[in-house]
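Colleague: Following this line is input-v4.cif, made up of mmCIF, C-alpha atoms:
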data_target
loop_
_atom_site.label_atom_id
_atom_site.label_comp_id
_atom_site.auth_asym_id
_atom_site.auth_seq_id
_atom_site.Cartn_x
_atom_site.Cartn_y
_atom_site.Cartn_z
CA MET E 1 2.50 47.79 82.46
CA ALA E 2 2.27 51.14 84.19
CA ARG E 3 -1.20 51.75 85.52
CA TRP E 4 -3.02 54.95 84.76
CA GLU E 5 -2.51 57.65 87.41
CA PRO E 6 -5.05 60.47 87.71
CA ASP E 7 -3.54 63.84 86.68
CA ALA E 8 -0.01 62.42 86.69
CA ARG E 9 1.27 65.34 84.59
CA GLY E 10 -0.15 67.96 86.94
CA ARG E 11 1.19 66.14 90.01
CA LEU E 12 4.67 65.89 88.48
CA GLU E 13 4.66 69.59 87.56
CA LYS E 14 3.59 70.59 91.05
CA ALA E 15 6.17 68.31 92.71
CA ALA E 16 8.94 69.56 90.40
CA MET E 17 8.13 73.20 91.06
CA GLU E 18 8.10 72.65 94.84
CA LEU E 19 11.48 70.90 94.72
CA PHE E 20 13.02 73.48 92.36
CA GLU E 21 12.03 76.17 94.86
CA GLU E 22 13.13 74.24 97.95
CA ARG E 23 16.51 72.95 96.82
CA GLY E 24 17.18 74.54 93.46
CA TYR E 25 16.75 73.30 89.89
CA VAL E 26 20.26 71.84 89.54
CA SER E 27 20.13 69.78 92.75
CA THR E 28 16.72 68.24 92.06
CA THR E 29 16.61 64.80 90.45
CA VAL E 30 13.87 63.13 88.41
CA GLU E 31 13.78 60.39 91.07
CA GLU E 32 12.94 62.99 93.74
CA ILE E 33 10.27 64.61 91.57
CA ALA E 34 8.57 61.26 90.98
CA ALA E 35 8.79 60.34 94.69
CA ARG E 36 7.30 63.70 95.77
CA ALA E 37 4.44 63.18 93.31
CA GLY E 38 3.91 59.62 94.61
CA LEU E 39 4.64 58.16 91.17
CA ALA E 40 7.21 55.83 89.67
CA GLU E 41 10.24 57.29 87.89
CA ARG E 42 9.18 55.59 84.65
CA THR E 43 5.84 57.41 84.89
CA PHE E 44 7.80 60.69 84.83
CA PHE E 45 9.42 59.65 81.57
CA ARG E 46 6.04 58.93 79.98
CA TYR E 47 5.34 62.67 80.22
CA PHE E 48 8.73 64.42 80.08
CA ALA E 49 12.05 63.65 78.37
CA ASP E 50 13.98 65.16 81.29
CA LYS E 51 13.49 67.54 84.22
CA ARG E 52 14.02 70.61 82.00
CA GLU E 53 10.99 69.64 79.96
CA VAL E 54 8.75 70.02 83.01
CA LEU E 55 9.37 73.77 82.56
CA PHE E 56 9.19 73.89 78.76
CA SER E 57 6.65 71.33 77.55
CA GLY E 58 3.98 74.06 77.71
CA ALA E 59 5.77 75.95 74.92
CA GLY E 60 4.53 73.41 72.37
CA THR E 61 0.93 73.95 73.49
CA LEU E 62 1.39 77.72 73.32
CA GLN E 63 2.84 77.46 69.82
CA ASP E 64 -0.12 75.36 68.62
CA LEU E 65 -2.55 77.89 70.12
CA LEU E 66 -0.83 80.79 68.38
CA VAL E 67 -0.49 79.07 65.01
CA ASN E 68 -4.14 77.95 65.05
CA GLY E 69 -5.19 81.43 66.16
CA VAL E 70 -3.41 83.06 63.21
CA ALA E 71 -4.77 80.45 60.78
CA GLY E 72 -8.32 81.03 62.03
CA ALA E 73 -8.27 84.84 61.94
CA PRO E 74 -10.71 86.51 59.52
CA ALA E 75 -9.28 86.82 56.00
CA SER E 76 -9.65 90.60 56.29
CA ALA E 77 -7.47 90.84 59.43
CA ALA E 78 -4.15 92.66 58.96
CA PRO E 79 -1.19 90.36 59.81
CA ILE E 80 -0.37 92.18 63.08
CA GLU E 81 -4.03 91.99 64.12
CA ALA E 82 -4.17 88.24 63.40
CA VAL E 83 -1.03 87.76 65.52
CA VAL E 84 -2.09 89.97 68.42
CA ALA E 85 -5.58 88.46 68.57
CA ALA E 86 -3.94 85.01 68.83
CA LEU E 87 -1.61 86.30 71.58
CA GLU E 88 -4.55 87.79 73.50
CA ALA E 89 -6.45 84.49 73.34
CA ALA E 90 -3.37 82.59 74.57
CA GLY E 91 -2.88 85.25 77.27
CA ALA E 92 -6.42 84.65 78.55
CA LEU E 93 -5.53 80.98 79.12
CA LEU E 94 -2.07 81.67 80.56
CA GLN E 95 -3.41 84.04 83.17
CA GLU E 96 -5.50 81.26 84.71
CA ARG E 97 -2.21 79.80 85.98
CA ARG E 98 -0.60 82.92 87.37
CA ASP E 99 0.92 81.29 90.48
CA TYR E 100 2.47 78.53 88.40
CA ALA E 101 3.77 81.10 85.89
CA ARG E 102 5.42 83.15 88.64
CA GLN E 103 7.02 80.10 90.26
CA ARG E 104 8.28 78.93 86.87
CA GLN E 105 9.71 82.38 86.10
CA MET E 106 11.65 82.46 89.37
CA VAL E 107 13.19 79.05 88.67
CA ILE E 108 14.16 80.15 85.15
CA ALA E 109 15.53 83.53 86.26
CA ALA E 110 17.95 81.79 88.65
CA ASN E 111 19.63 79.61 86.00
CA THR E 112 21.52 80.76 82.88
CA GLU E 113 20.84 77.62 80.87
CA LEU E 114 17.09 77.91 81.57
CA ARG E 115 17.03 81.61 80.68
CA GLU E 116 18.69 80.73 77.38
CA ARG E 117 16.19 77.93 76.76
CA GLU E 118 13.34 80.41 77.33
CA LEU E 119 14.83 82.84 74.78
CA ILE E 120 15.16 80.04 72.25
CA LYS E 121 11.53 79.01 72.77
CA LEU E 122 10.43 82.63 72.21
CA ALA E 123 12.49 82.80 69.01
CA SER E 124 10.83 79.55 67.84
CA LEU E 125 7.42 81.13 68.49
CA ALA E 126 8.35 84.12 66.31
CA THR E 127 9.37 81.73 63.51
CA ALA E 128 6.14 79.72 63.89
CA LEU E 129 4.05 82.92 63.72
CA ALA E 130 5.90 84.04 60.57
CA ASP E 131 5.27 80.61 58.97
CA ALA E 132 1.57 80.82 59.87
CA LEU E 133 1.40 84.27 58.25
CA ARG E 134 3.11 82.99 55.07
CA ARG E 135 0.41 80.33 54.84
CA ARG E 136 -2.09 83.24 54.82
CA GLY E 137 -0.22 84.71 51.83
CA VAL E 138 1.80 87.33 53.73
CA LYS E 139 5.11 88.00 51.94
CA ASP E 140 8.55 88.54 53.44
CA PRO E 141 9.93 90.61 55.07
CA ALA E 142 6.45 91.51 56.40
CA ALA E 143 5.82 87.94 57.66
CA SER E 144 9.14 87.71 59.55
CA LEU E 145 8.88 91.23 60.96
CA THR E 146 5.30 90.68 62.13
CA GLY E 147 6.32 87.43 63.85
CA GLU E 148 9.21 89.20 65.60
CA ALA E 149 7.02 92.18 66.51
CA GLY E 150 4.33 89.88 67.95
CA ILE E 151 6.82 88.07 70.17
CA ALA E 152 8.39 91.35 71.34
CA VAL E 153 4.91 92.59 72.29
CA PHE E 154 4.15 89.31 74.09
CA LYS E 155 7.49 89.13 75.91
CA ILE E 156 7.23 92.63 77.36
CA ALA E 157 3.56 92.19 78.30
CA PHE E 158 4.26 88.83 79.96
CA GLU E 159 7.14 90.28 82.01
CA ARG E 160 4.99 93.20 83.14
CA TRP E 161 2.18 90.82 84.06
CA LEU E 162 4.51 88.67 86.18
CA ASP E 163 6.21 91.65 87.82
CA THR E 164 3.07 93.53 88.78
CA PRO E 165 1.62 92.49 92.14
CA GLY E 166 -2.08 91.71 92.12
CA GLN E 167 -4.08 90.11 89.37
CA ARG E 168 -3.79 92.03 86.12
CA ASP E 169 -5.33 91.46 82.76
CA LEU E 170 -2.70 89.83 80.49
CA PRO E 171 -4.69 90.22 77.24
CA GLN E 172 -5.04 93.94 78.02
CA LEU E 173 -1.30 94.23 78.71
CA ILE E 174 -0.64 92.57 75.33
CA ARG E 175 -2.88 95.12 73.60
CA ASP E 176 -1.19 97.99 75.50
CA SER E 177 2.21 96.60 74.52
CA LEU E 178 1.23 96.66 70.83
CA ASP E 179 0.13 100.29 71.20
CA GLU E 180 3.50 101.09 72.81
CA LEU E 181 5.37 99.31 70.01
CA ARG E 182 3.45 101.36 67.46
CA ALA E 183 4.36 104.55 69.32
CA VAL E 184 8.06 103.73 69.64
CA THR E 185 8.51 102.58 66.04
CA ALA E 186 6.74 105.70 64.82
CA GLY E 187 9.48 107.61 66.67
CA GLY E 188 7.14 109.46 69.01
CA MET O 189 57.00 83.51 76.78
CA ALA O 190 54.89 83.36 73.62
CA ARG O 191 56.33 85.61 70.95
CA TRP O 192 54.13 88.12 69.21
CA GLU O 193 52.58 86.84 65.99
CA PRO O 194 51.40 89.31 63.36
CA ASP O 195 47.58 89.23 62.96
CA ALA O 196 47.28 86.02 64.98
CA ARG O 197 43.56 86.60 65.57
CA GLY O 198 42.83 87.07 61.87
CA ARG O 199 44.88 84.01 60.92
CA LEU O 200 43.08 81.87 63.51
CA GLU O 201 39.66 83.07 62.30
CA LYS O 202 40.54 82.34 58.68
CA ALA O 203 41.96 78.89 59.53
CA ALA O 204 38.92 78.03 61.67
CA MET O 205 36.48 79.06 58.96
CA GLU O 206 38.31 77.00 56.31
CA LEU O 207 38.31 73.93 58.54
CA PHE O 208 34.66 74.36 59.60
CA GLU O 209 33.73 74.42 55.91
CA GLU O 210 36.00 71.52 54.90
CA ARG O 211 35.26 69.03 57.68
CA GLY O 212 32.43 70.53 59.72
CA TYR O 213 32.37 72.50 62.95
CA VAL O 214 32.00 69.48 65.26
CA SER O 215 34.93 67.52 63.78
CA THR O 216 37.38 70.42 63.87
CA THR O 217 39.73 70.69 66.88
CA VAL O 218 41.51 73.71 68.32
CA GLU O 219 44.80 71.88 67.64
CA GLU O 220 43.95 71.69 63.94
CA ILE O 221 42.93 75.35 63.80
CA ALA O 222 46.21 76.44 65.37
CA ALA O 223 48.22 74.15 63.06
CA ARG O 224 46.45 75.47 59.95
CA ALA O 225 47.17 79.04 61.09
CA GLY O 226 50.82 78.11 61.69
CA LEU O 227 50.51 79.01 65.38
CA ALA O 228 50.85 77.19 68.69
CA GLU O 229 47.71 75.90 70.42
CA ARG O 230 48.43 78.13 73.42
CA THR O 231 48.39 81.12 71.08
CA PHE O 232 44.79 80.17 70.15
CA PHE O 233 43.80 80.31 73.81
CA ARG O 234 45.25 83.81 74.17
CA TYR O 235 42.50 84.99 71.79
CA PHE O 236 39.59 82.57 72.24
CA ALA O 237 38.23 80.55 75.17
CA ASP O 238 37.22 77.70 72.83
CA LYS O 239 36.48 77.05 69.16
CA ARG O 240 32.91 78.34 69.47
CA GLU O 241 34.24 81.75 70.49
CA VAL O 242 35.96 82.09 67.09
CA LEU O 243 32.42 82.55 65.73
CA PHE O 244 31.02 84.70 68.55
CA SER O 245 33.77 86.94 69.90
CA GLY O 246 32.67 89.61 67.39
CA ALA O 247 29.34 89.92 69.22
CA GLY O 248 31.06 91.80 72.07
CA THR O 249 32.51 94.33 69.63
CA LEU O 250 29.12 94.75 67.96
CA GLN O 251 27.46 95.30 71.34
CA ASP O 252 30.02 98.00 72.27
CA LEU O 253 29.46 99.72 68.92
CA LEU O 254 25.69 99.75 69.40
CA VAL O 255 25.77 100.88 73.02
CA ASN O 256 28.24 103.68 72.24
CA GLY O 257 26.19 104.66 69.19
CA VAL O 258 23.03 105.01 71.29
CA ALA O 259 24.89 106.90 74.02
CA GLY O 260 26.35 109.31 71.45
CA ALA O 261 23.11 110.07 69.57
CA PRO O 262 21.87 113.67 69.70
CA ALA O 263 19.74 114.38 72.78
CA SER O 264 16.86 115.26 70.47
CA ALA O 265 16.86 111.86 68.71
CA ALA O 266 13.80 109.70 69.33
CA PRO O 267 14.77 106.35 70.94
CA ILE O 268 14.10 104.32 67.78
CA GLU O 269 16.17 106.79 65.73
CA ALA O 270 19.09 106.55 68.18
CA VAL O 271 18.94 102.74 67.92
CA VAL O 272 18.58 102.54 64.15
CA ALA O 273 21.37 105.09 63.55
CA ALA O 274 23.65 102.92 65.73
CA LEU O 275 22.59 99.80 63.79
CA GLU O 276 23.27 101.54 60.46
CA ALA O 277 26.76 102.58 61.61
CA ALA O 278 27.50 99.01 62.75
CA GLY O 279 26.06 97.71 59.46
CA ALA O 280 28.49 99.90 57.49
CA LEU O 281 31.39 98.15 59.28
CA LEU O 282 29.89 94.65 59.06
CA GLN O 283 29.41 94.87 55.32
CA GLU O 284 33.15 95.26 54.81
CA ARG O 285 33.46 91.58 55.78
CA ARG O 286 30.68 90.13 53.68
CA ASP O 287 32.54 86.94 52.65
CA TYR O 288 33.42 86.20 56.26
CA ALA O 289 29.83 86.92 57.36
CA ARG O 290 28.45 84.51 54.74
CA GLN O 291 30.90 81.73 55.65
CA ARG O 292 30.12 82.22 59.32
CA GLN O 293 26.36 82.09 58.66
CA MET O 294 26.68 78.80 56.78
CA VAL O 295 28.62 77.22 59.66
CA ILE O 296 26.02 78.45 62.17
CA ALA O 297 23.04 77.38 60.06
CA ALA O 298 24.34 73.78 60.00
CA ASN O 299 24.49 73.35 63.79
CA THR O 300 21.62 73.61 66.30
CA GLU O 301 23.82 74.62 69.23
CA LEU O 302 25.37 77.44 67.18
CA ARG O 303 22.00 78.66 65.94
CA GLU O 304 20.84 78.82 69.55
CA ARG O 305 24.01 80.69 70.56
CA GLU O 306 23.33 83.24 67.79
CA LEU O 307 19.76 83.79 69.04
CA ILE O 308 21.03 84.30 72.58
CA LYS O 309 23.60 86.84 71.40
CA LEU O 310 20.85 88.74 69.57
CA ALA O 311 18.68 88.73 72.70
CA SER O 312 21.65 90.10 74.68
CA LEU O 313 22.00 92.89 72.13
CA ALA O 314 18.33 93.82 72.61
CA THR O 315 18.89 93.97 76.38
CA ALA O 316 22.05 96.06 75.96
CA LEU O 317 20.19 98.51 73.67
CA ALA O 318 17.35 98.83 76.20
CA ASP O 319 19.89 99.51 78.98
CA ALA O 320 21.59 102.18 76.84
CA LEU O 321 18.20 103.82 76.25
CA ARG O 322 17.40 103.80 79.99
CA ARG O 323 20.67 105.67 80.56
CA ARG O 324 19.28 108.31 78.17
CA GLY O 325 16.21 108.59 80.39
CA VAL O 326 13.85 106.43 78.31
CA LYS O 327 11.27 104.73 80.54
CA ASP O 328 9.91 101.19 80.36
CA PRO O 329 8.19 99.59 78.53
CA ALA O 330 9.39 101.97 75.77
CA ALA O 331 13.08 101.16 76.40
CA SER O 332 12.56 97.36 76.26
CA LEU O 333 10.26 97.53 73.26
CA THR O 334 12.63 99.80 71.33
CA GLY O 335 15.53 97.44 72.06
CA GLU O 336 13.48 94.47 70.83
CA ALA O 337 12.25 96.39 67.79
CA GLY O 338 15.81 97.43 66.89
CA ILE O 339 17.08 93.86 67.01
CA ALA O 340 14.11 92.58 64.99
CA VAL O 341 14.90 95.23 62.35
CA PHE O 342 18.58 94.30 62.36
CA LYS O 343 17.99 90.52 62.25
CA ILE O 344 15.71 90.67 59.22
CA ALA O 345 17.96 93.16 57.40
CA PHE O 346 21.06 91.07 58.10
CA GLU O 347 19.38 87.88 56.81
CA ARG O 348 18.26 89.66 53.64
CA TRP O 349 21.75 91.06 53.13
CA LEU O 350 23.34 87.60 53.46
CA ASP O 351 20.74 85.92 51.26
CA THR O 352 20.84 88.40 48.40
CA PRO O 353 23.57 87.67 45.83
CA GLY O 354 25.76 90.61 44.94
CA GLN O 355 26.92 93.43 47.15
CA ARG O 356 24.01 95.22 48.78
CA ASP O 357 23.88 98.12 51.11
CA LEU O 358 23.33 96.78 54.67
CA PRO O 359 22.65 100.21 56.26
CA GLN O 360 19.98 100.81 53.60
CA LEU O 361 18.42 97.38 54.27
CA ILE O 362 18.31 98.27 57.98
CA ARG O 363 16.51 101.53 57.19
CA ASP O 364 14.09 99.68 54.84
CA SER O 365 13.47 97.08 57.56
CA LEU O 366 12.50 99.83 60.02
CA ASP O 367 10.06 101.25 57.45
CA GLU O 368 8.56 97.76 57.02
CA LEU O 369 8.25 97.31 60.78
CA ARG O 370 6.42 100.64 61.00
CA ALA O 371 4.08 99.54 58.23
CA VAL O 372 3.32 96.12 59.75
CA THR O 373 2.79 97.39 63.31
CA ALA O 374 0.50 100.11 61.99
CA GLY O 375 -1.58 97.23 60.56
CA GLY O 376 -1.26 98.33 56.94
#
Using structure tokens, write down the structure that the file contains.
Modeller:
Amino acid sequence: MARWEPDARGRLEKAAMELFEERGYVSTTVEEIAARAGLAERTFFRYFADKREVLFSGAGTLQDLLVNGVAGAPASAAPIEAVVAALEAAGALLQERRDYARQRQMVIAANTELRERELIKLASLATALADALRRRGVKDPAASLTGEAGIAVFKIAFERWLDTPGQRDLPQLIRDSLDELRAVTAGG
Amino acid sequence: MARWEPDARGRLEKAAMELFEERGYVSTTVEEIAARAGLAERTFFRYFADKREVLFSGAGTLQDLLVNGVAGAPASAAPIEAVVAALEAAGALLQERRDYARQRQMVIAANTELRERELIKLASLATALADALRRRGVKDPAASLTGEAGIAVFKIAFERWLDTPGQRDLPQLIRDSLDELRAVTAGG
């Protein structure tokens, strides 16, 4: 019986990120992550299927936030407004962990397989948003296009937020990114 | 010295697609593809790095078409117009191989790894479009957002084209998809 360890998930994430930075993602083992966190290897596997999941398990939480945000938007909200309001709310939470987000992005940027995994997670988010819109009665192709547009807006805003030194307002960058998307699609 | 074989690439593609449909992508070997095409295995490797590349080598051609299309657009064209005109021109070529495109889509839809590869190729196209726009002097975030918007438009149009029985006009679906994206981002 494994005993309960306070904040085991957070300790494993922190240890993994330190090791990924120090010796690279590929060279780090689960055994080393657990040891650095002061936990048993089997404790690691209670939280994560493998070391890659340390970087991507948050995507499930983000997807739930976005889907629930779209579902809970006022009935009168236009589809793009329901999506962008959900993205802004998620952005407000994400920006509380800016240092973690920047570390994570550097690890991902250095590895092709991880960059591909990130793209696939973003594509899954677009699909989940489109499904949530369909459950609100939005037809296709509007539902699919709004999901894709929302993720494009989020992706660009998130990159700008990570690349800009100093604390910046992620929800505001998301809103700005929507305004830019409107301008570019209008052909201005 | 391998002797020259007429239309070896086309014969290998056709053989691969038949075998993928008959016995599944995973169970098909390069040896079987070459044998079905009446060619030596080493001839296969002159055209494709592995069996997956039979499905994805066209993505490089598509990317060149799009990048050259954007580069060659009139200087006065708005970024989104340069991108969508390039997509329409590519769509006119793609629709000449509708049966192949449908077969290919069925093989990809049945396999997670292939679906992920397709998403990654689409993301690379968005990046290549954004780079082509930057070479026209378009700034960020407009360049990135226009690249993403173009690929969203193309993806939805391509899916509709494949899903709709009977010959339909892919360039027209691309144009319609842009109009829909404008409508949904405007919040209508």
Colleague: Calculate how many Å separate CA of Ala37 in chain E from CA of Ala15 in chain E, rounding to one decimal.
Modeller: 5.4 Å
Colleague: Hand me chain O as it sits after a least-squares fit onto chain E over every Cα, paired in order, written as a compact mmCIF listing (two decimals) with C-alpha atoms, keeping the file's coordinate frame.
Modeller:
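Output below, filename result12.txt:
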# COMPACT_ATOMS: atom_id res chain seq x y z
CA MET O 189 2.31 47.74 82.37
CA ALA O 190 2.17 51.10 84.14
CA ARG O 191 -1.27 51.72 85.56
CA TRP O 192 -3.07 54.94 84.81
CA GLU O 193 -2.53 57.65 87.41
CA PRO O 194 -5.05 60.47 87.75
CA ASP O 195 -3.53 63.85 86.72
CA ALA O 196 0.00 62.43 86.71
CA ARG O 197 1.29 65.34 84.61
CA GLY O 198 -0.14 67.95 86.97
CA ARG O 199 1.21 66.15 90.03
CA LEU O 200 4.68 65.89 88.48
CA GLU O 201 4.67 69.60 87.56
CA LYS O 202 3.60 70.60 91.07
CA ALA O 203 6.19 68.31 92.71
CA ALA O 204 8.95 69.57 90.40
CA MET O 205 8.13 73.21 91.08
CA GLU O 206 8.12 72.66 94.87
CA LEU O 207 11.48 70.91 94.73
CA PHE O 208 13.04 73.49 92.37
CA GLU O 209 12.03 76.19 94.86
CA GLU O 210 13.14 74.26 97.97
CA ARG O 211 16.53 72.96 96.84
CA GLY O 212 17.20 74.55 93.46
CA TYR O 213 16.76 73.31 89.91
CA VAL O 214 20.26 71.84 89.55
CA SER O 215 20.14 69.78 92.77
CA THR O 216 16.73 68.25 92.08
CA THR O 217 16.62 64.79 90.46
CA VAL O 218 13.88 63.14 88.42
CA GLU O 219 13.78 60.40 91.08
CA GLU O 220 12.95 62.98 93.74
CA ILE O 221 10.28 64.61 91.59
CA ALA O 222 8.57 61.28 90.99
CA ALA O 223 8.80 60.35 94.69
CA ARG O 224 7.31 63.69 95.78
CA ALA O 225 4.45 63.19 93.30
CA GLY O 226 3.92 59.66 94.64
CA LEU O 227 4.64 58.18 91.20
CA ALA O 228 7.21 55.83 89.70
CA GLU O 229 10.23 57.31 87.89
CA ARG O 230 9.16 55.59 84.67
CA THR O 231 5.83 57.41 84.92
CA PHE O 232 7.79 60.71 84.84
CA PHE O 233 9.42 59.66 81.57
CA ARG O 234 6.03 58.94 80.00
CA TYR O 235 5.33 62.70 80.24
CA PHE O 236 8.72 64.42 80.09
CA ALA O 237 12.04 63.65 78.38
CA ASP O 238 13.98 65.16 81.31
CA LYS O 239 13.50 67.55 84.22
CA ARG O 240 14.03 70.61 82.02
CA GLU O 241 11.01 69.63 79.94
CA VAL O 242 8.77 70.02 83.02
CA LEU O 243 9.37 73.77 82.56
CA PHE O 244 9.19 73.89 78.76
CA SER O 245 6.66 71.33 77.54
CA GLY O 246 3.99 74.06 77.70
CA ALA O 247 5.78 75.95 74.92
CA GLY O 248 4.53 73.40 72.36
CA THR O 249 0.94 73.94 73.46
CA LEU O 250 1.40 77.71 73.32
CA GLN O 251 2.86 77.46 69.81
CA ASP O 252 -0.12 75.36 68.62
CA LEU O 253 -2.54 77.89 70.12
CA LEU O 254 -0.81 80.79 68.37
CA VAL O 255 -0.48 79.07 65.01
CA ASN O 256 -4.12 77.96 65.05
CA GLY O 257 -5.19 81.43 66.17
CA VAL O 258 -3.40 83.05 63.22
CA ALA O 259 -4.76 80.45 60.79
CA GLY O 260 -8.31 81.03 62.06
CA ALA O 261 -8.27 84.85 61.95
CA PRO O 262 -10.71 86.51 59.54
CA ALA O 263 -9.29 86.83 56.01
CA SER O 264 -9.66 90.59 56.31
CA ALA O 265 -7.46 90.85 59.44
CA ALA O 266 -4.16 92.66 58.97
CA PRO O 267 -1.19 90.37 59.81
CA ILE O 268 -0.37 92.18 63.07
CA GLU O 269 -4.03 91.99 64.13
CA ALA O 270 -4.16 88.24 63.41
CA VAL O 271 -1.02 87.76 65.53
CA VAL O 272 -2.07 89.98 68.42
CA ALA O 273 -5.58 88.45 68.57
CA ALA O 274 -3.93 85.00 68.83
CA LEU O 275 -1.60 86.29 71.57
CA GLU O 276 -4.54 87.78 73.50
CA ALA O 277 -6.44 84.48 73.33
CA ALA O 278 -3.37 82.58 74.56
CA GLY O 279 -2.88 85.23 77.26
CA ALA O 280 -6.43 84.65 78.53
CA LEU O 281 -5.53 80.97 79.10
CA LEU O 282 -2.07 81.66 80.54
CA GLN O 283 -3.41 84.03 83.16
CA GLU O 284 -5.48 81.26 84.70
CA ARG O 285 -2.19 79.79 85.97
CA ARG O 286 -0.59 82.91 87.34
CA ASP O 287 0.92 81.28 90.47
CA TYR O 288 2.48 78.53 88.37
CA ALA O 289 3.78 81.10 85.85
CA ARG O 290 5.41 83.14 88.63
CA GLN O 291 7.03 80.09 90.25
CA ARG O 292 8.28 78.94 86.87
CA GLN O 293 9.72 82.39 86.09
CA MET O 294 11.65 82.46 89.37
CA VAL O 295 13.20 79.05 88.66
CA ILE O 296 14.17 80.15 85.14
CA ALA O 297 15.54 83.52 86.25
CA ALA O 298 17.97 81.78 88.63
CA ASN O 299 19.64 79.61 85.97
CA THR O 300 21.54 80.75 82.86
CA GLU O 301 20.84 77.60 80.86
CA LEU O 302 17.10 77.91 81.54
CA ARG O 303 17.04 81.60 80.65
CA GLU O 304 18.70 80.73 77.36
CA ARG O 305 16.19 77.92 76.75
CA GLU O 306 13.34 80.41 77.33
CA LEU O 307 14.83 82.85 74.78
CA ILE O 308 15.16 80.06 72.23
CA LYS O 309 11.54 79.01 72.76
CA LEU O 310 10.44 82.62 72.20
CA ALA O 311 12.49 82.81 68.99
CA SER O 312 10.83 79.57 67.82
CA LEU O 313 7.43 81.14 68.48
CA ALA O 314 8.36 84.13 66.30
CA THR O 315 9.37 81.74 63.50
CA ALA O 316 6.16 79.72 63.88
CA LEU O 317 4.07 82.93 63.72
CA ALA O 318 5.90 84.05 60.56
CA ASP O 319 5.28 80.63 58.97
CA ALA O 320 1.57 80.83 59.86
CA LEU O 321 1.41 84.28 58.25
CA ARG O 322 3.12 83.01 55.07
CA ARG O 323 0.40 80.35 54.84
CA ARG O 324 -2.09 83.25 54.82
CA GLY O 325 -0.23 84.72 51.84
CA VAL O 326 1.80 87.34 53.72
CA LYS O 327 5.10 88.01 51.95
CA ASP O 328 8.55 88.56 53.43
CA PRO O 329 9.94 90.63 55.06
CA ALA O 330 6.46 91.52 56.40
CA ALA O 331 5.82 87.96 57.66
CA SER O 332 9.15 87.73 59.55
CA LEU O 333 8.88 91.23 60.96
CA THR O 334 5.30 90.69 62.13
CA GLY O 335 6.32 87.44 63.84
CA GLU O 336 9.20 89.22 65.59
CA ALA O 337 7.01 92.19 66.51
CA GLY O 338 4.33 89.88 67.95
CA ILE O 339 6.82 88.07 70.17
CA ALA O 340 8.40 91.35 71.32
CA VAL O 341 4.90 92.57 72.28
CA PHE O 342 4.14 89.31 74.09
CA LYS O 343 7.50 89.13 75.92
CA ILE O 344 7.23 92.63 77.37
CA ALA O 345 3.55 92.18 78.30
CA PHE O 346 4.25 88.83 79.96
CA GLU O 347 7.14 90.28 82.00
CA ARG O 348 4.98 93.20 83.13
CA TRP O 349 2.17 90.82 84.06
CA LEU O 350 4.51 88.66 86.18
CA ASP O 351 6.19 91.64 87.81
CA THR O 352 3.05 93.51 88.78
CA PRO O 353 1.58 92.43 92.14
CA GLY O 354 -2.10 91.63 92.09
CA GLN O 355 -4.13 90.06 89.34
CA ARG O 356 -3.82 91.99 86.09
CA ASP O 357 -5.34 91.45 82.74
CA LEU O 358 -2.70 89.81 80.47
CA PRO O 359 -4.69 90.21 77.22
CA GLN O 360 -5.04 93.93 78.00
CA LEU O 361 -1.29 94.23 78.70
CA ILE O 362 -0.64 92.57 75.32
CA ARG O 363 -2.89 95.11 73.60
CA ASP O 364 -1.19 97.98 75.50
CA SER O 365 2.22 96.59 74.52
CA LEU O 366 1.23 96.66 70.84
CA ASP O 367 0.13 100.30 71.21
CA GLU O 368 3.51 101.10 72.81
CA LEU O 369 5.38 99.32 70.02
CA ARG O 370 3.45 101.38 67.46
CA ALA O 371 4.33 104.55 69.33
CA VAL O 372 8.05 103.74 69.66
CA THR O 373 8.51 102.58 66.05
CA ALA O 374 6.72 105.70 64.83
CA GLY O 375 9.47 107.62 66.68
CA GLY O 376 7.10 109.44 69.03
Colleague: Check what the PyMOL selection byres ((chain E) within 9 of (chain O)) selects in the file above and give those residues as a CSV table (one decimal) with C-alpha atoms, in the frame of the given file.
Modeller:
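To be explicit, this is the file written out as part_1.csv:
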chain,number,residue,atom,x,y,z
E,77,ALA,CA,-7.5,90.8,59.4
E,78,ALA,CA,-4.2,92.7,59.0
E,79,PRO,CA,-1.2,90.4,59.8
E,80,ILE,CA,-0.4,92.2,63.1
E,81,GLU,CA,-4.0,92.0,64.1
E,116,GLU,CA,18.7,80.7,77.4
E,117,ARG,CA,16.2,77.9,76.8
E,119,LEU,CA,14.8,82.8,74.8
E,120,ILE,CA,15.2,80.0,72.2
E,123,ALA,CA,12.5,82.8,69.0
E,141,PRO,CA,9.9,90.6,55.1
E,142,ALA,CA,6.4,91.5,56.4
E,143,ALA,CA,5.8,87.9,57.7
E,144,SER,CA,9.1,87.7,59.6
E,145,LEU,CA,8.9,91.2,61.0
E,146,THR,CA,5.3,90.7,62.1
E,148,GLU,CA,9.2,89.2,65.6
E,149,ALA,CA,7.0,92.2,66.5
E,150,GLY,CA,4.3,89.9,68.0
E,152,ALA,CA,8.4,91.4,71.3
E,153,VAL,CA,4.9,92.6,72.3
E,156,ILE,CA,7.2,92.6,77.4
E,157,ALA,CA,3.6,92.2,78.3
E,160,ARG,CA,5.0,93.2,83.1
E,177,SER,CA,2.2,96.6,74.5
E,178,LEU,CA,1.2,96.7,70.8
E,179,ASP,CA,0.1,100.3,71.2
E,180,GLU,CA,3.5,101.1,72.8
E,181,LEU,CA,5.4,99.3,70.0
E,182,ARG,CA,3.4,101.4,67.5
E,183,ALA,CA,4.4,104.6,69.3
E,184,VAL,CA,8.1,103.7,69.6
E,185,THR,CA,8.5,102.6,66.0
E,186,ALA,CA,6.7,105.7,64.8
E,187,GLY,CA,9.5,107.6,66.7
E,188,GLY,CA,7.1,109.5,69.0
